[in-house]
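Chemist: Provided herewith: start.cif, mmCIF, C-alpha atoms.
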```
data_data
loop_
_atom_site.label_atom_id
_atom_site.label_comp_id
_atom_site.auth_asym_id
_atom_site.auth_seq_id
_atom_site.Cartn_x
_atom_site.Cartn_y
_atom_site.Cartn_z
CA MET T 1210 -6.84 53.50 -156.15
CA CYS T 1211 -3.28 53.49 -154.85
CA GLY T 1212 -3.46 56.63 -152.71
CA CYS T 1213 -0.25 58.14 -154.09
CA ILE T 1214 0.06 61.68 -155.44
CA HIS T 1215 2.14 60.84 -158.52
CA CYS T 1216 -0.50 59.14 -160.67
CA ASP T 1217 -3.92 59.88 -162.14
CA CYS T 1218 -6.01 57.64 -159.83
CA GLU T 1219 -8.97 59.10 -157.96
CA GLY T 1220 -7.47 58.48 -154.54
CA LEU T 1221 -9.50 58.15 -151.38
CA ILE T 1222 -13.08 59.41 -151.66
CA VAL T 1223 -15.07 60.16 -148.54
CA SER T 1224 -18.81 60.76 -148.71
CA GLY T 1225 -21.49 61.43 -146.15
CA THR T 1226 -25.00 62.68 -145.62
CA MET T 1227 -26.03 65.87 -143.92
CA ARG T 1228 -29.56 66.39 -142.70
CA LEU T 1229 -31.06 69.76 -141.93
CA THR T 1230 -34.29 70.19 -140.03
CA LEU T 1231 -36.09 73.50 -139.94
CA LEU T 1232 -38.24 73.26 -136.85
CA PRO T 1233 -39.20 75.75 -134.16
CA THR T 1234 -36.96 75.49 -131.10
CA SER T 1235 -39.95 74.41 -129.00
CA THR T 1236 -40.29 71.16 -130.99
CA SER T 1237 -36.74 70.56 -132.19
CA PHE T 1238 -35.55 69.13 -128.86
CA ALA T 1239 -38.28 66.47 -128.97
CA SER T 1240 -37.79 65.69 -132.67
CA THR T 1241 -34.01 65.28 -132.77
CA PRO T 1242 -33.77 61.88 -130.97
CA LEU T 1243 -36.66 60.53 -133.04
CA LEU T 1244 -35.01 61.58 -136.32
CA LEU T 1245 -31.67 60.21 -135.13
CA ASN T 1246 -33.23 56.81 -134.41
CA LYS T 1247 -35.03 56.82 -137.75
CA HIS T 1248 -31.90 57.48 -139.82
CA GLN T 1249 -29.05 55.92 -137.84
CA PHE T 1250 -30.65 53.03 -135.95
CA ARG T 1251 -32.97 51.54 -138.53
CA THR T 1252 -34.77 48.34 -137.67
CA GLU T 1253 -33.14 45.37 -139.32
CA LEU T 1254 -35.05 42.23 -140.18
CA LEU T 1255 -33.08 39.01 -139.97
CA PHE T 1256 -34.45 35.76 -141.33
CA ALA T 1257 -33.52 32.17 -140.60
CA GLU T 1258 -34.81 28.80 -141.67
CA THR T 1259 -37.37 27.29 -139.31
CA PRO T 1260 -38.89 23.85 -139.28
CA ALA T 1261 -42.27 23.65 -140.99
CA LYS T 1262 -45.15 23.64 -138.53
CA PRO T 1263 -48.86 23.86 -139.29
CA ASN T 1264 -50.47 27.20 -138.54
CA TYR T 1265 -47.06 28.73 -137.88
CA ILE T 1266 -48.02 32.00 -139.56
CA GLN T 1267 -51.53 32.85 -138.44
CA HIS T 1268 -51.49 36.49 -139.53
CA PRO T 1269 -49.78 37.95 -142.60
CA THR T 1270 -48.59 40.93 -140.55
CA ALA T 1271 -47.95 40.82 -136.84
CA SER T 1272 -46.08 42.53 -134.06
CA VAL T 1273 -44.48 41.01 -131.03
CA PHE T 1274 -45.78 43.98 -129.01
CA ALA T 1275 -49.39 44.24 -127.89
CA ARG T 1276 -49.23 48.04 -128.24
CA PRO T 1277 -46.64 50.60 -129.37
CA LEU T 1278 -43.88 51.57 -126.97
CA PRO T 1279 -44.22 54.99 -125.32
CA PRO T 1280 -42.67 57.71 -127.51
CA ALA T 1281 -39.79 58.39 -125.10
CA LEU T 1282 -38.59 54.78 -125.21
CA HIS T 1283 -36.36 53.22 -127.84
CA LEU T 1284 -36.13 49.48 -128.45
CA VAL T 1285 -32.42 48.71 -128.43
CA THR T 1286 -32.51 44.90 -128.37
CA LEU T 1287 -35.16 42.22 -128.72
CA GLN T 1288 -33.53 38.84 -129.16
CA SER T 1289 -34.72 35.29 -128.63
CA ILE T 1290 -32.25 33.38 -126.48
CA SER T 1291 -33.91 29.95 -126.54
CA ASN T 1292 -34.19 27.39 -129.33
CA ASP T 1293 -37.89 26.50 -129.03
CA TYR T 1294 -39.78 29.44 -130.55
CA TYR T 1295 -43.21 27.78 -130.59
CA VAL T 1296 -44.06 26.89 -126.99
CA ALA T 1297 -41.89 28.86 -124.60
CA GLY T 1298 -38.67 30.77 -124.54
CA VAL T 1299 -36.43 33.47 -123.19
CA LEU T 1300 -36.23 36.97 -124.65
CA LEU T 1301 -33.49 39.50 -124.13
CA LEU T 1302 -35.11 42.94 -124.00
CA ARG T 1303 -33.15 46.19 -123.79
CA LEU T 1304 -34.95 49.55 -123.69
CA ALA T 1305 -33.52 53.07 -123.56
CA HIS T 1306 -35.05 56.38 -122.54
CA MET T 1307 -34.17 58.77 -125.37
CA TYR T 1308 -34.13 62.08 -123.53
CA GLU T 1309 -31.76 63.64 -121.04
CA ALA T 1310 -32.81 64.83 -117.59
CA SER T 1311 -32.62 68.50 -118.62
CA ALA T 1312 -35.00 68.08 -121.56
CA PRO T 1313 -37.75 70.72 -121.65
CA GLY T 1314 -41.32 69.95 -120.72
CA ASP T 1315 -42.27 66.40 -119.87
CA LEU T 1316 -39.83 64.75 -122.32
CA ALA T 1317 -37.56 63.65 -119.46
CA ALA T 1318 -40.44 62.32 -117.37
CA PRO T 1319 -39.99 58.73 -116.16
CA VAL T 1320 -41.89 56.16 -118.21
CA ASP T 1321 -43.87 53.44 -116.40
CA LEU T 1322 -44.17 50.15 -118.24
CA ASP T 1323 -45.67 46.77 -117.41
CA LEU T 1324 -43.56 44.06 -119.06
CA SER T 1325 -46.23 41.40 -118.44
CA THR T 1326 -48.67 43.12 -120.83
CA LEU T 1327 -46.12 44.38 -123.35
CA PHE T 1328 -46.04 41.32 -125.62
CA ALA T 1329 -48.82 40.01 -127.86
CA GLY T 1330 -49.59 36.29 -127.71
CA MET T 1331 -47.10 35.66 -124.93
CA ASP T 1332 -47.62 35.05 -121.24
CA VAL T 1333 -44.69 36.45 -119.25
CA VAL T 1334 -43.88 33.92 -116.52
CA GLY T 1335 -40.68 35.46 -115.17
CA VAL T 1336 -38.54 38.58 -115.45
CA THR T 1337 -34.97 39.16 -114.31
CA GLU T 1338 -33.31 42.52 -114.73
CA MET T 1339 -29.77 42.08 -115.98
CA SER T 1340 -26.65 44.19 -116.20
CA LEU T 1341 -26.36 46.27 -119.36
CA THR T 1342 -24.32 43.56 -121.07
CA ALA T 1343 -26.82 40.90 -119.91
CA ASN T 1344 -24.09 38.67 -118.53
CA GLN T 1345 -25.34 38.63 -114.92
CA PRO T 1346 -28.45 39.54 -112.91
CA LEU T 1347 -28.46 43.12 -111.70
CA ASP T 1348 -28.55 42.09 -108.05
CA ALA T 1349 -25.27 40.17 -108.52
CA VAL T 1350 -23.36 43.15 -109.96
CA ARG T 1351 -20.46 44.35 -107.86
CA ARG T 1352 -19.44 47.95 -108.48
CA LEU T 1353 -15.91 49.01 -107.78
CA GLN T 1354 -15.19 52.01 -105.62
CA TRP T 1355 -11.75 53.25 -106.51
CA ARG T 1356 -9.42 54.32 -103.75
CA THR T 1357 -8.56 57.97 -104.09
CA VAL T 1358 -6.45 60.38 -102.10
CA GLU T 1359 -9.59 61.94 -100.59
CA SER T 1360 -11.33 58.69 -99.61
CA ASP T 1361 -10.26 55.39 -98.19
CA ALA T 1362 -13.19 53.45 -99.69
CA PRO T 1363 -13.03 49.67 -99.93
CA SER T 1364 -12.16 48.22 -103.33
CA GLY T 1365 -15.71 47.03 -103.99
CA HIS T 1366 -19.15 46.54 -102.49
CA ASN T 1367 -22.27 44.59 -103.31
CA TYR T 1368 -24.74 46.42 -105.53
CA ASN T 1369 -27.83 45.01 -103.72
CA SER T 1370 -30.24 46.33 -106.35
CA THR T 1371 -30.08 49.89 -105.06
CA LEU T 1372 -29.52 52.90 -107.25
CA GLY T 1373 -28.93 56.39 -106.02
CA ASP T 1374 -30.64 59.43 -107.44
CA GLU T 1375 -31.02 63.06 -106.43
CA LYS T 1376 -33.65 62.15 -103.86
CA GLY T 1377 -31.57 59.45 -102.14
CA GLU T 1378 -31.42 55.70 -102.38
CA MET T 1379 -34.22 53.69 -103.94
CA GLU T 1380 -34.84 49.96 -104.01
CA ARG T 1381 -35.27 48.17 -107.32
CA ASP T 1382 -36.92 44.75 -107.50
CA VAL T 1383 -35.02 42.92 -110.25
CA HIS T 1384 -37.90 40.43 -110.75
CA SER T 1385 -40.76 42.94 -111.04
CA THR T 1386 -42.74 43.24 -114.28
CA LYS T 1387 -43.72 46.83 -113.46
CA VAL T 1388 -40.76 49.05 -114.25
CA THR T 1389 -39.98 52.76 -114.42
CA ILE T 1390 -37.39 53.94 -116.91
CA ARG T 1391 -35.88 57.32 -116.12
CA ALA T 1392 -34.21 59.83 -118.41
CA MET T 1393 -31.05 58.51 -120.13
CA GLU T 1394 -31.44 55.03 -118.63
CA ILE T 1395 -30.81 51.86 -120.59
CA ARG T 1396 -32.32 48.80 -118.90
CA THR T 1397 -31.98 45.13 -119.78
CA TRP T 1398 -34.18 42.13 -118.90
CA MET T 1399 -34.32 38.41 -119.51
CA ILE T 1400 -37.99 37.54 -119.96
CA ASN T 1401 -39.28 33.97 -119.66
CA TRP T 1402 -42.49 33.46 -121.62
CA THR T 1403 -44.96 30.84 -122.77
CA VAL T 1404 -47.70 30.92 -125.38
CA TYR T 1405 -51.19 31.88 -124.13
#
```
Please re-express this file's structure in C-alpha coordinates.
Modeler:
Amino acid sequence: MCGCIHCDCEGLIVSGTMRLTLLPTSTSFASTPLLLNKHQFRTELLFAETPAKPNYIQHPTASVFARPLPPALHLVTLQSISNDYYVAGVLLLRLAHMYEASAPGDLAAPVDLDLSTLFAGMDVVGVTEMSLTANQPLDAVRRLQWRTVESDAPSGHNYNSTLGDEKGEMERDVHSTKVTIRAMEIRTWMINWTVY
(Lines of atoms letter the chains of each structure in order from A and count residues from 1; the text may use other names and numbers.)
(Lines give C-alpha, C1' and ligand atoms only; values in the text may rest on other atoms or scores of the structure.)
Protein backbone atom coordinates (compact mmCIF):
# COMPACT_ATOMS: atom_id res chain seq x y z
CA MET A 1 0.00 0.00 0.00
CA CYS A 2 2.15 2.87 -1.26
CA GLY A 3 -0.55 5.54 -1.44
CA CYS A 4 0.35 6.68 -4.95
CA ILE A 5 -2.12 7.05 -7.81
CA HIS A 6 0.03 5.45 -10.52
CA CYS A 7 -0.15 1.80 -9.45
CA ASP A 8 -2.77 -0.86 -8.77
CA CYS A 9 -2.48 -0.95 -4.94
CA GLU A 10 -5.58 -0.54 -2.80
CA GLY A 11 -4.38 2.68 -1.20
CA LEU A 12 -5.59 3.96 2.13
CA ILE A 13 -8.78 2.32 3.39
CA VAL A 14 -10.81 3.96 6.12
CA SER A 15 -13.60 2.09 7.87
CA GLY A 16 -15.96 2.91 10.70
CA THR A 17 -19.15 1.93 12.43
CA MET A 18 -22.39 3.84 12.45
CA ARG A 19 -25.07 3.12 15.00
CA LEU A 20 -28.68 4.13 14.61
CA THR A 21 -31.15 4.07 17.46
CA LEU A 22 -34.86 4.37 16.85
CA LEU A 23 -36.21 5.55 20.17
CA PRO A 24 -38.92 8.02 21.13
CA THR A 25 -37.52 11.47 21.88
CA SER A 26 -38.67 11.16 25.49
CA THR A 27 -36.23 8.28 26.13
CA SER A 28 -33.47 9.00 23.61
CA PHE A 29 -31.83 11.69 25.75
CA ALA A 30 -31.45 9.24 28.65
CA SER A 31 -30.30 6.36 26.44
CA THR A 32 -27.61 8.11 24.40
CA PRO A 33 -24.93 8.42 27.14
CA LEU A 34 -25.55 4.84 28.22
CA LEU A 35 -25.13 3.53 24.66
CA LEU A 36 -22.06 5.71 24.17
CA ASN A 37 -20.42 4.25 27.28
CA LYS A 38 -21.34 0.72 26.24
CA HIS A 39 -19.77 0.98 22.77
CA GLN A 40 -16.90 3.45 23.17
CA PHE A 41 -15.77 3.06 26.77
CA ARG A 42 -15.88 -0.67 27.28
CA THR A 43 -14.57 -2.08 30.52
CA GLU A 44 -11.13 -3.56 30.07
CA LEU A 45 -9.82 -6.34 32.26
CA LEU A 46 -6.10 -6.28 32.92
CA PHE A 47 -4.32 -9.20 34.53
CA ALA A 48 -0.99 -9.42 36.31
CA GLU A 49 0.89 -12.12 38.13
CA THR A 50 0.33 -12.15 41.88
CA PRO A 51 2.06 -14.14 44.56
CA ALA A 52 0.22 -17.31 45.56
CA LYS A 53 -1.73 -16.91 48.79
CA PRO A 54 -4.16 -19.36 50.36
CA ASN A 55 -7.81 -18.43 50.04
CA TYR A 56 -6.93 -15.60 47.67
CA ILE A 57 -9.97 -16.25 45.49
CA GLN A 58 -12.88 -16.92 47.79
CA HIS A 59 -15.63 -16.46 45.21
CA PRO A 60 -15.50 -17.43 41.53
CA THR A 61 -17.22 -14.16 40.58
CA ALA A 62 -16.97 -10.98 42.60
CA SER A 63 -17.32 -7.24 42.37
CA VAL A 64 -15.33 -4.59 44.12
CA PHE A 65 -18.59 -2.66 44.61
CA ALA A 66 -21.11 -3.58 47.28
CA ARG A 67 -23.95 -2.42 45.01
CA PRO A 68 -24.26 -1.04 41.47
CA LEU A 69 -23.45 2.60 40.87
CA PRO A 70 -26.43 4.91 40.33
CA PRO A 71 -27.45 4.98 36.64
CA ALA A 72 -26.34 8.60 36.13
CA LEU A 73 -22.77 7.87 37.23
CA HIS A 74 -20.00 6.44 35.09
CA LEU A 75 -16.89 4.76 36.51
CA VAL A 76 -13.98 6.45 34.76
CA THR A 77 -11.07 5.10 36.82
CA LEU A 78 -10.62 2.50 39.53
CA GLN A 79 -6.93 1.81 40.04
CA SER A 80 -4.95 0.35 42.90
CA ILE A 81 -2.05 2.63 43.81
CA SER A 82 -0.42 0.50 46.51
CA ASN A 83 1.59 -2.71 46.24
CA ASP A 84 -0.04 -4.73 49.05
CA TYR A 85 -3.42 -5.86 47.68
CA TYR A 86 -4.25 -8.27 50.50
CA VAL A 87 -4.32 -6.24 53.72
CA ALA A 88 -4.66 -2.55 52.93
CA GLY A 89 -4.14 -0.14 50.11
CA VAL A 90 -4.94 3.03 48.26
CA LEU A 91 -7.45 3.23 45.42
CA LEU A 92 -7.75 5.97 42.84
CA LEU A 93 -11.45 6.44 42.09
CA ARG A 94 -12.77 8.77 39.40
CA LEU A 95 -16.52 9.10 38.77
CA ALA A 96 -18.38 11.19 36.20
CA HIS A 97 -21.98 12.35 36.02
CA MET A 98 -23.12 11.46 32.49
CA TYR A 99 -25.80 14.08 31.92
CA GLU A 100 -25.69 17.81 31.29
CA ALA A 101 -27.49 20.35 33.45
CA SER A 102 -30.17 20.95 30.79
CA ALA A 103 -31.14 17.27 30.56
CA PRO A 104 -34.90 16.70 30.74
CA GLY A 105 -36.58 15.28 33.80
CA ASP A 106 -34.46 14.20 36.72
CA LEU A 107 -31.50 12.99 34.61
CA ALA A 108 -29.41 16.00 35.66
CA ALA A 109 -30.30 15.65 39.33
CA PRO A 110 -27.30 15.55 41.69
CA VAL A 111 -26.35 12.06 42.84
CA ASP A 112 -25.58 11.48 46.53
CA LEU A 113 -23.08 8.72 47.25
CA ASP A 114 -21.43 7.38 50.39
CA LEU A 115 -17.90 6.25 49.53
CA SER A 116 -17.53 4.39 52.84
CA THR A 117 -20.24 1.88 51.88
CA LEU A 118 -19.47 1.70 48.16
CA PHE A 119 -16.89 -1.10 48.27
CA ALA A 120 -17.46 -4.75 49.16
CA GLY A 121 -15.05 -6.36 51.62
CA MET A 122 -13.18 -3.12 52.25
CA ASP A 123 -13.27 -0.74 55.18
CA VAL A 124 -12.66 2.83 54.00
CA VAL A 125 -10.36 4.47 56.55
CA GLY A 126 -9.65 7.74 54.74
CA VAL A 127 -10.74 9.74 51.71
CA THR A 128 -9.04 12.69 50.04
CA GLU A 129 -10.60 14.42 47.07
CA MET A 130 -7.97 15.14 44.45
CA SER A 131 -7.65 17.35 41.41
CA LEU A 132 -8.89 15.78 38.18
CA THR A 133 -5.39 14.56 37.33
CA ALA A 134 -4.96 13.22 40.89
CA ASN A 135 -1.61 14.93 41.32
CA GLN A 136 -2.59 17.06 44.33
CA PRO A 137 -5.36 17.32 46.93
CA LEU A 138 -8.24 19.52 45.85
CA ASP A 139 -7.73 21.94 48.72
CA ALA A 140 -4.15 22.61 47.50
CA VAL A 141 -5.20 23.54 43.95
CA ARG A 142 -4.46 27.12 42.95
CA ARG A 143 -6.59 28.44 40.12
CA LEU A 144 -5.26 31.20 37.95
CA GLN A 145 -7.29 34.31 37.34
CA TRP A 146 -6.06 35.86 34.14
CA ARG A 147 -5.62 39.59 33.96
CA THR A 148 -7.90 41.07 31.36
CA VAL A 149 -8.59 44.57 30.13
CA GLU A 150 -11.87 44.66 32.10
CA SER A 151 -10.48 43.36 35.41
CA ASP A 152 -7.34 43.85 37.39
CA ALA A 153 -7.55 40.46 39.15
CA PRO A 154 -4.48 39.03 40.86
CA SER A 155 -2.59 36.33 38.97
CA GLY A 156 -3.84 33.54 41.24
CA HIS A 157 -5.70 32.75 44.43
CA ASN A 158 -6.06 29.78 46.74
CA TYR A 159 -8.89 27.42 45.84
CA ASN A 160 -9.83 26.71 49.51
CA SER A 161 -12.19 23.87 48.57
CA THR A 162 -14.95 26.22 47.45
CA LEU A 163 -16.80 25.88 44.20
CA GLY A 164 -19.24 28.37 42.82
CA ASP A 165 -22.58 27.45 41.36
CA GLU A 166 -25.71 29.33 40.33
CA LYS A 167 -26.81 29.62 43.95
CA GLY A 168 -23.52 31.09 45.21
CA GLU A 169 -20.48 29.65 46.91
CA MET A 170 -20.57 26.27 48.60
CA GLU A 171 -18.04 24.57 50.84
CA ARG A 172 -16.70 21.14 49.95
CA ASP A 173 -15.05 18.93 52.55
CA VAL A 174 -12.26 17.14 50.68
CA HIS A 175 -12.09 14.37 53.33
CA SER A 176 -15.80 13.54 53.51
CA THR A 177 -17.06 10.10 52.47
CA LYS A 178 -20.53 11.49 51.71
CA VAL A 179 -20.36 13.21 48.33
CA THR A 180 -22.75 14.79 45.86
CA ILE A 181 -21.90 14.63 42.18
CA ARG A 182 -23.65 17.24 40.05
CA ALA A 183 -24.41 17.21 36.34
CA MET A 184 -21.30 17.07 34.10
CA GLU A 185 -18.93 16.80 37.07
CA ILE A 186 -15.95 14.49 37.12
CA ARG A 187 -14.61 13.93 40.63
CA THR A 188 -11.47 12.12 41.78
CA TRP A 189 -10.57 10.59 45.17
CA MET A 190 -7.71 8.73 46.79
CA ILE A 191 -9.30 6.16 49.09
CA ASN A 192 -7.34 4.45 51.87
CA TRP A 193 -8.81 1.08 52.77
CA THR A 194 -8.23 -2.04 54.85
CA VAL A 195 -9.83 -5.46 54.76
CA TYR A 196 -12.84 -5.97 57.08
Chemist: With all atoms listed in the file as the basis for distance, which of T:Gly1330, T:Pro1242, T:Gly1225, T:Pro1233 is at the shortest distance from His1306 of chain T?
Modeler: T:Pro1242
Chemist: Please evaluate the PyMOL selection byres ((chain T and resi 1276-1285) around 8) against the displayed coordinates and give the resulting residues as a ChimeraX atom specification.
Modeler: /T:1274-1275,1286-1287,1302-1308,1316,1320,1327-1328
Chemist: Write the selection just made, keeping C-alpha atoms, as a PDB file, in the frame of the given file?
Modeler:
```
ATOM      1  CA  PHE T1274     -45.780  43.980-129.010  1.00  0.00           C
ATOM      2  CA  ALA T1275     -49.390  44.240-127.890  1.00  0.00           C
ATOM      3  CA  THR T1286     -32.510  44.900-128.370  1.00  0.00           C
ATOM      4  CA  LEU T1287     -35.160  42.220-128.720  1.00  0.00           C
ATOM      5  CA  LEU T1302     -35.110  42.940-124.000  1.00  0.00           C
ATOM      6  CA  ARG T1303     -33.150  46.190-123.790  1.00  0.00           C
ATOM      7  CA  LEU T1304     -34.950  49.550-123.690  1.00  0.00           C
ATOM      8  CA  ALA T1305     -33.520  53.070-123.560  1.00  0.00           C
ATOM      9  CA  HIS T1306     -35.050  56.380-122.540  1.00  0.00           C
ATOM     10  CA  MET T1307     -34.170  58.770-125.370  1.00  0.00           C
ATOM     11  CA  TYR T1308     -34.130  62.080-123.530  1.00  0.00           C
ATOM     12  CA  LEU T1316     -39.830  64.750-122.320  1.00  0.00           C
ATOM     13  CA  VAL T1320     -41.890  56.160-118.210  1.00  0.00           C
ATOM     14  CA  LEU T1327     -46.120  44.380-123.350  1.00  0.00           C
ATOM     15  CA  PHE T1328     -46.040  41.320-125.620  1.00  0.00           C
TER      16      PHE T1328
END
```
Chemist: On this file, the PyMOL selection byres ((chain T and resi 1389) around 8) gives some set of residues; write that set as a list in words.
Modeler: Pro1319, Val1320, Asp1321, Leu1322, Lys1387, Val1388, Ile1390 and Arg1391 of chain T
Chemist: Interatomic distance between atom CA of Ala1392 of chain T and atom CA of Ser1272 of chain T?
Modeler: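 These atoms are spaced 26.2 Å apart.
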Chemist: I'd like the contact shell of Met1331 of chain T - 8 Å cut-off, only C-alpha atoms, skipping same-chain residues fewer than 3 positions apart - returned as a ChimeraX atom specification.
Modeler: /T:1328,1402-1405
Chemist: Do you know which residues the PyMOL selection byres ((chain T and resi 1288) around 12) returns on this file, as a PyMOL selection string?
Modeler: chain T and resi 1254-1255+1273+1284-1287+1289-1292+1294+1298-1303+1343+1397-1400
Chemist: At most 9 Å from (-34.6, 68.3, -139.1), file frame, all atoms listed in the file: which residues, as a PDB file with C-alpha atoms, in the frame of the given file?
Modeler:
```
ATOM      1  CA  ARG T1228     -29.560  66.390-142.700  1.00  0.00           C
ATOM      2  CA  LEU T1229     -31.060  69.760-141.930  1.00  0.00           C
ATOM      3  CA  THR T1230     -34.290  70.190-140.030  1.00  0.00           C
ATOM      4  CA  LEU T1231     -36.090  73.500-139.940  1.00  0.00           C
ATOM      5  CA  LEU T1232     -38.240  73.260-136.850  1.00  0.00           C
ATOM      6  CA  SER T1237     -36.740  70.560-132.190  1.00  0.00           C
ATOM      7  CA  SER T1240     -37.790  65.690-132.670  1.00  0.00           C
ATOM      8  CA  THR T1241     -34.010  65.280-132.770  1.00  0.00           C
ATOM      9  CA  LEU T1244     -35.010  61.580-136.320  1.00  0.00           C
TER      10      LEU T1244
END
```
Chemist: Could you work out how far atom CA of Val1333 of chain T lies from atom CA of Glu1394 of chain T, giving the answer in Å with one decimal?
Modeler: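 Computing it gives 22.8 Å between the two atoms.
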Chemist: Measuring atom to atom with only C-alpha atoms, identify which of T:Val1334, T:Glu1359, T:Val1383, T:Asn1401 is nearest to Leu1347 of chain T.
Modeler: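 Of all the options, T:Val1383 lies closest to Leu1347 of chain T.
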Chemist: Would you compute the distance between atom CA of Arg1396 of chain T and atom CA of Glu1309 of chain T? Give it in Å to one decimal.
Modeler: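 These two atoms are separated by 15.0 Å.
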Chemist: Name the closest residue to Asp1348 of chain T among the candidates T:Ala1310, T:Cys1218, T:Val1336, T:His1384; distances are taken between atoms, counting all atoms listed in the file.
Modeler: T:His1384
Chemist: Centre and edge lengths of an axis-aligned box around all listed atoms of segment 1318-1331 of chain T, with 6 Å added on each side, are to be given in Å to one decimal, as AutoDock Vina command-line options.
Modeler:
```
--center_x -44.8 --center_y 49.0 --center_z -122.0 --size_x 21.6 --size_y 38.7 --size_z 23.7
```
